[in-house]
Amino acid sequence: KQEVTQIPAALSVPEGENLVLNCSFTDSAIYNLQWFRQDPGKGLTSLLLIQSSQREQTSGRLNASLDKSSGRSTLYIAASQPGDSATYLCAVQRNKFYFGSGTKLNVKP
Amino acid sequence: SQTIHQWPATLVQPVGSPLSLECTVEGTSNPNLYWYRQAAGRGLQLLFYSVGIGQISSEVPQNLSASRPQDRQFILSSKKLLLSDSGFYLCALEADNTEAFFGQGTRLTVV
């Protein structure tokens with residue numbers, strides 16, 4: 001069974017720092033990997049989708065990479081802002097979505 | 001574009017009462033639909049998924065059931081709620097193994 005792990009569970013950084021969130025998965029036979037953001041009490045907002053044939057995707061200050069063979073993905077956030085504070089979830093998909101438990105990010109002004 | 005509507009946003013129900021949460025989607029046909037539950041401080045647990053009308057797969061044995069009476073409608077139900085059914089319920093859609101989209105969720109508190 002697919003297992004998804006996210007490290008760290010929580011992260012607190014000062015505004016302006018660049019940071020990396022990690023996601024690992026046990027079964028490399030995936031269709032794609034998706035990063036989400038969740039604000040408290042809200043649903044999930046899709047940030048980036050990486051197809052299994054791709055190695056990275058970029059959107060603004062966000063860059064996500066995928067190394068399918070090693071079962072790893074990273075989400076890089078450049079020049080972090082207080083508005084980036086949220087829980088970040090990664091999910092891998094093969095027929096169903098398997099989620100990690102998330103990284104709770106706090107960016108301090 | 002694809003959108004998901006979930007209601008209600010919050011719900012407080014007594015133990016033993018029935019439950020019906022509805023999810024409707026727009027902007028896509030024949031999507032795969034999902035119900036997830038997120039307990040406080042925990043990750044997302046897949047409850048049910050559906051690949052088409054009347055087709056429901058259950059991930060874990062529990063006090064809940066799901067139905068898909070129409071292509072764009074997914075309903076989560078219970079005949080008698082338990083305290084342990086409290087949580088944040090999220091509906092999601094995905095089509096053709098591409099990007100997943102989530103609704104804004106329903107916060108259920110069973111008292």
# chains A, B, ... in the order shown; residues from 1 in each chain; ligands from 1
$ interface_residues --of "chain B" --to "chain A" --cutoff "9 Å" --atoms "only C-alpha atoms" --output "PDB file with N, CA, C and O atoms, in the first residue's frame"
ATOM      1  N   TYR B  34     -14.669  11.826  -4.686  1.00  0.00           N
ATOM      2  CA  TYR B  34     -14.093  11.302  -3.450  1.00  0.00           C
ATOM      3  C   TYR B  34     -14.713  11.994  -2.238  1.00  0.00           C
ATOM      4  O   TYR B  34     -15.012  13.182  -2.280  1.00  0.00           O
ATOM      5  N   GLY B  41      -6.115  17.842  13.655  1.00  0.00           N
ATOM      6  CA  GLY B  41      -4.688  17.612  13.770  1.00  0.00           C
ATOM      7  C   GLY B  41      -4.182  16.371  13.058  1.00  0.00           C
ATOM      8  O   GLY B  41      -3.038  15.963  13.266  1.00  0.00           O
ATOM      9  N   ARG B  42      -5.006  15.813  12.206  1.00  0.00           N
ATOM     10  CA  ARG B  42      -4.593  14.585  11.513  1.00  0.00           C
ATOM     11  C   ARG B  42      -4.699  14.747  10.010  1.00  0.00           C
ATOM     12  O   ARG B  42      -5.198  15.751   9.509  1.00  0.00           O
ATOM     13  N   GLY B  43      -4.230  13.755   9.302  1.00  0.00           N
ATOM     14  CA  GLY B  43      -4.241  13.807   7.845  1.00  0.00           C
ATOM     15  C   GLY B  43      -5.589  13.464   7.258  1.00  0.00           C
ATOM     16  O   GLY B  43      -6.581  13.253   7.960  1.00  0.00           O
ATOM     17  N   LEU B  44      -5.619  13.415   5.950  1.00  0.00           N
ATOM     18  CA  LEU B  44      -6.839  13.120   5.209  1.00  0.00           C
ATOM     19  C   LEU B  44      -7.038  11.609   5.088  1.00  0.00           C
ATOM     20  O   LEU B  44      -6.143  10.891   4.653  1.00  0.00           O
ATOM     21  N   GLN B  45      -8.220  11.172   5.445  1.00  0.00           N
ATOM     22  CA  GLN B  45      -8.558   9.757   5.334  1.00  0.00           C
ATOM     23  C   GLN B  45      -9.586   9.586   4.221  1.00  0.00           C
ATOM     24  O   GLN B  45     -10.665  10.191   4.262  1.00  0.00           O
ATOM     25  N   LEU B  46      -9.258   8.783   3.232  1.00  0.00           N
ATOM     26  CA  LEU B  46     -10.197   8.521   2.153  1.00  0.00           C
ATOM     27  C   LEU B  46     -11.311   7.618   2.658  1.00  0.00           C
ATOM     28  O   LEU B  46     -11.055   6.533   3.183  1.00  0.00           O
ATOM     29  N   TYR B  49     -14.865   6.480  -2.774  1.00  0.00           N
ATOM     30  CA  TYR B  49     -14.649   7.080  -4.072  1.00  0.00           C
ATOM     31  C   TYR B  49     -15.579   6.425  -5.079  1.00  0.00           C
ATOM     32  O   TYR B  49     -16.027   5.287  -4.890  1.00  0.00           O
ATOM     33  N   PHE B  88     -13.875  17.025   9.730  1.00  0.00           N
ATOM     34  CA  PHE B  88     -13.988  17.940   8.594  1.00  0.00           C
ATOM     35  C   PHE B  88     -14.081  17.068   7.348  1.00  0.00           C
ATOM     36  O   PHE B  88     -13.166  16.305   7.041  1.00  0.00           O
ATOM     37  N   LEU B  90     -14.469  16.484   3.332  1.00  0.00           N
ATOM     38  CA  LEU B  90     -14.108  17.142   2.074  1.00  0.00           C
ATOM     39  C   LEU B  90     -14.499  16.276   0.896  1.00  0.00           C
ATOM     40  O   LEU B  90     -14.239  15.075   0.883  1.00  0.00           O
ATOM     41  N   CYS B  91     -15.088  16.905  -0.079  1.00  0.00           N
ATOM     42  CA  CYS B  91     -15.413  16.251  -1.346  1.00  0.00           C
ATOM     43  C   CYS B  91     -14.375  16.684  -2.380  1.00  0.00           C
ATOM     44  O   CYS B  91     -13.937  17.846  -2.373  1.00  0.00           O
ATOM     45  N   ASN B  97      -7.221  11.078 -14.445  1.00  0.00           N
ATOM     46  CA  ASN B  97      -5.923  11.011 -13.764  1.00  0.00           C
ATOM     47  C   ASN B  97      -5.150  12.316 -13.850  1.00  0.00           C
ATOM     48  O   ASN B  97      -3.930  12.322 -14.030  1.00  0.00           O
ATOM     49  N   THR B  98      -5.868  13.408 -13.734  1.00  0.00           N
ATOM     50  CA  THR B  98      -5.202  14.708 -13.728  1.00  0.00           C
ATOM     51  C   THR B  98      -5.449  15.403 -12.398  1.00  0.00           C
ATOM     52  O   THR B  98      -5.655  14.760 -11.388  1.00  0.00           O
ATOM     53  N   GLU B  99      -5.427  16.717 -12.439  1.00  0.00           N
ATOM     54  CA  GLU B  99      -5.468  17.503 -11.224  1.00  0.00           C
ATOM     55  C   GLU B  99      -6.739  17.260 -10.418  1.00  0.00           C
ATOM     56  O   GLU B  99      -7.831  17.138 -10.973  1.00  0.00           O
ATOM     57  N   ALA B 100      -6.572  17.206  -9.094  1.00  0.00           N
ATOM     58  CA  ALA B 100      -7.704  17.044  -8.188  1.00  0.00           C
ATOM     59  C   ALA B 100      -8.134  18.403  -7.654  1.00  0.00           C
ATOM     60  O   ALA B 100      -7.308  19.278  -7.409  1.00  0.00           O
ATOM     61  N   PHE B 101      -9.449  18.558  -7.488  1.00  0.00           N
ATOM     62  CA  PHE B 101     -10.003  19.792  -6.941  1.00  0.00           C
ATOM     63  C   PHE B 101     -10.868  19.450  -5.739  1.00  0.00           C
ATOM     64  O   PHE B 101     -11.585  18.452  -5.753  1.00  0.00           O
ATOM     65  N   PHE B 102     -10.788  20.305  -4.734  1.00  0.00           N
ATOM     66  CA  PHE B 102     -11.511  20.049  -3.500  1.00  0.00           C
ATOM     67  C   PHE B 102     -12.565  21.117  -3.242  1.00  0.00           C
ATOM     68  O   PHE B 102     -12.397  22.286  -3.604  1.00  0.00           O
ATOM     69  N   GLY B 103     -13.629  20.689  -2.554  1.00  0.00           N
ATOM     70  CA  GLY B 103     -14.616  21.621  -2.065  1.00  0.00           C
ATOM     71  C   GLY B 103     -14.109  22.302  -0.803  1.00  0.00           C
ATOM     72  O   GLY B 103     -13.015  21.996  -0.306  1.00  0.00           O
ATOM     73  N   GLN B 104     -14.918  23.206  -0.252  1.00  0.00           N
ATOM     74  CA  GLN B 104     -14.520  23.967   0.929  1.00  0.00           C
ATOM     75  C   GLN B 104     -14.800  23.230   2.227  1.00  0.00           C
ATOM     76  O   GLN B 104     -14.440  23.707   3.295  1.00  0.00           O
ATOM     77  N   GLY B 105     -15.415  22.074   2.145  1.00  0.00           N
ATOM     78  CA  GLY B 105     -15.543  21.234   3.320  1.00  0.00           C
ATOM     79  C   GLY B 105     -16.767  21.512   4.177  1.00  0.00           C
ATOM     80  O   GLY B 105     -17.364  22.587   4.125  1.00  0.00           O
ATOM     81  N   THR B 106     -17.117  20.498   4.973  1.00  0.00           N
ATOM     82  CA  THR B 106     -18.181  20.619   5.978  1.00  0.00           C
ATOM     83  C   THR B 106     -17.604  20.232   7.321  1.00  0.00           C
ATOM     84  O   THR B 106     -17.075  19.134   7.482  1.00  0.00           O
ATOM     85  N   ARG B 107     -17.731  21.132   8.281  1.00  0.00           N
ATOM     86  CA  ARG B 107     -17.286  20.850   9.646  1.00  0.00           C
ATOM     87  C   ARG B 107     -18.453  20.221  10.395  1.00  0.00           C
ATOM     88  O   ARG B 107     -19.446  20.881  10.647  1.00  0.00           O
TER      89      ARG B 107
END
$ residues_around --residues "Arg68 of chain B" --least-positions-apart "6" --cutoff "9 Å" --atoms "only C-alpha atoms" --output "PyMOL selection string"
chain B and resi 33+50+52-56+74-75
$ write_last_selection --atoms "N, CA and C atoms" --output "tab-separated table (two decimals), in the first residue's frame"
chain	number	residue	atom	x	y	z
B	33	LEU	N	-15.13	10.91	-8.11
B	33	LEU	CA	-15.48	11.72	-6.94
B	33	LEU	C	-15.04	11.03	-5.67
B	50	SER	N	-15.85	7.18	-6.14
B	50	SER	CA	-16.82	6.73	-7.13
B	50	SER	C	-16.31	7.06	-8.53
B	52	GLY	N	-18.30	6.38	-11.19
B	52	GLY	CA	-19.46	6.61	-12.04
B	52	GLY	C	-20.75	6.47	-11.26
B	53	ILE	N	-21.86	6.75	-11.92
B	53	ILE	CA	-23.18	6.68	-11.27
B	53	ILE	C	-23.39	5.30	-10.66
B	54	GLY	N	-23.77	5.28	-9.40
B	54	GLY	CA	-24.07	4.03	-8.72
B	54	GLY	C	-22.87	3.19	-8.34
B	55	GLN	N	-21.66	3.66	-8.66
B	55	GLN	CA	-20.44	2.89	-8.37
B	55	GLN	C	-19.72	3.52	-7.19
B	56	ILE	N	-19.71	2.80	-6.08
B	56	ILE	CA	-19.12	3.31	-4.85
B	56	ILE	C	-18.12	2.29	-4.32
B	74	PHE	N	-22.66	13.62	-5.35
B	74	PHE	CA	-22.09	12.60	-4.48
B	74	PHE	C	-22.58	12.89	-3.07
B	75	ILE	N	-23.17	11.91	-2.42
B	75	ILE	CA	-23.81	12.13	-1.13
B	75	ILE	C	-23.19	11.23	-0.08
$ select_by_dssp --residues "segment 30-74 of chain B" --states "strand (DSSP E)" --output "PyMOL selection string"
chain B and resi 32-38+44-52+55-58+65-70+73-74
$ atom_distance --atom1 "atom CA of Leu47 of chain B" --atom2 "atom CA of Ala64 of chain A"
27.9 Å
$ decode --residues "segment 50-61 of chain A" --atoms "all heavy atoms" --output "short mmCIF file (atom, residue, chain, number, x, y, z; two decimals), in the first residue's frame"
data_model
loop_
_atom_site.label_atom_id
_atom_site.label_comp_id
_atom_site.auth_asym_id
_atom_site.auth_seq_id
_atom_site.Cartn_x
_atom_site.Cartn_y
_atom_site.Cartn_z
N ILE A 50 2.44 17.75 -10.86
CA ILE A 50 3.55 17.25 -11.65
C ILE A 50 3.14 15.89 -12.19
O ILE A 50 2.87 14.95 -11.43
CB ILE A 50 4.83 17.08 -10.82
CG1 ILE A 50 5.15 18.35 -10.03
CG2 ILE A 50 6.00 16.74 -11.72
CD1 ILE A 50 6.37 18.21 -9.13
N GLN A 51 3.10 15.78 -13.50
CA GLN A 51 2.80 14.49 -14.13
C GLN A 51 3.99 13.56 -13.93
O GLN A 51 5.12 14.01 -13.75
CB GLN A 51 2.54 14.68 -15.63
CG GLN A 51 1.43 15.68 -15.94
CD GLN A 51 0.05 15.06 -15.91
OE1 GLN A 51 -0.10 13.93 -15.45
NE2 GLN A 51 -0.93 15.79 -16.37
N SER A 52 3.76 12.27 -14.01
CA SER A 52 4.82 11.30 -13.72
C SER A 52 5.99 11.41 -14.69
O SER A 52 7.12 11.04 -14.35
CB SER A 52 4.26 9.87 -13.75
OG SER A 52 3.76 9.59 -15.04
N SER A 53 5.73 11.93 -15.89
CA SER A 53 6.80 12.08 -16.88
C SER A 53 7.59 13.38 -16.71
O SER A 53 8.59 13.60 -17.40
CB SER A 53 6.21 12.04 -18.28
OG SER A 53 5.26 13.07 -18.44
N GLN A 54 7.12 14.24 -15.82
CA GLN A 54 7.77 15.53 -15.62
C GLN A 54 8.70 15.47 -14.41
O GLN A 54 8.55 14.62 -13.54
CB GLN A 54 6.72 16.62 -15.41
CG GLN A 54 5.79 16.79 -16.59
CD GLN A 54 4.66 17.76 -16.31
OE1 GLN A 54 4.15 17.81 -15.19
NE2 GLN A 54 4.26 18.51 -17.32
N ARG A 55 9.61 16.45 -14.34
CA ARG A 55 10.53 16.50 -13.22
C ARG A 55 10.28 17.71 -12.33
O ARG A 55 10.67 17.69 -11.15
CB ARG A 55 11.96 16.52 -13.72
CG ARG A 55 12.38 15.24 -14.41
CD ARG A 55 13.87 15.15 -14.58
NE ARG A 55 14.59 15.10 -13.31
CZ ARG A 55 14.82 13.97 -12.64
NH1 ARG A 55 14.37 12.82 -13.07
NH2 ARG A 55 15.51 14.01 -11.51
N GLU A 56 9.65 18.74 -12.86
CA GLU A 56 9.37 19.88 -12.02
C GLU A 56 8.28 20.75 -12.64
O GLU A 56 8.00 20.67 -13.83
CB GLU A 56 10.61 20.71 -11.74
CG GLU A 56 11.19 21.42 -12.94
CD GLU A 56 12.36 22.29 -12.53
OE1 GLU A 56 12.51 22.63 -11.34
OE2 GLU A 56 13.17 22.66 -13.41
N GLN A 57 7.68 21.57 -11.77
CA GLN A 57 6.70 22.56 -12.19
C GLN A 57 6.93 23.81 -11.36
O GLN A 57 7.33 23.74 -10.20
CB GLN A 57 5.27 22.06 -11.96
CG GLN A 57 4.78 21.03 -12.95
CD GLN A 57 4.48 21.63 -14.31
OE1 GLN A 57 4.16 22.81 -14.43
NE2 GLN A 57 4.61 20.81 -15.34
N THR A 58 6.65 24.94 -11.99
CA THR A 58 6.87 26.23 -11.30
C THR A 58 5.62 27.08 -11.43
O THR A 58 4.97 27.09 -12.47
CB THR A 58 8.07 26.97 -11.93
OG1 THR A 58 9.24 26.18 -11.74
CG2 THR A 58 8.26 28.32 -11.26
N SER A 59 5.34 27.80 -10.34
CA SER A 59 4.25 28.77 -10.35
C SER A 59 4.64 29.89 -9.41
O SER A 59 4.64 29.72 -8.18
CB SER A 59 2.94 28.13 -9.90
OG SER A 59 1.92 29.10 -9.83
N GLY A 60 5.00 31.03 -9.98
CA GLY A 60 5.40 32.17 -9.16
C GLY A 60 6.60 31.85 -8.30
O GLY A 60 7.65 31.43 -8.80
N ARG A 61 6.43 32.01 -6.99
CA ARG A 61 7.54 31.73 -6.05
C ARG A 61 7.64 30.26 -5.67
O ARG A 61 8.48 29.90 -4.85
CB ARG A 61 7.34 32.58 -4.79
CG ARG A 61 7.46 34.08 -5.02
CD ARG A 61 7.32 34.87 -3.72
NE ARG A 61 5.97 34.78 -3.17
CZ ARG A 61 5.65 34.07 -2.08
NH1 ARG A 61 6.59 33.40 -1.42
NH2 ARG A 61 4.41 34.06 -1.64
#
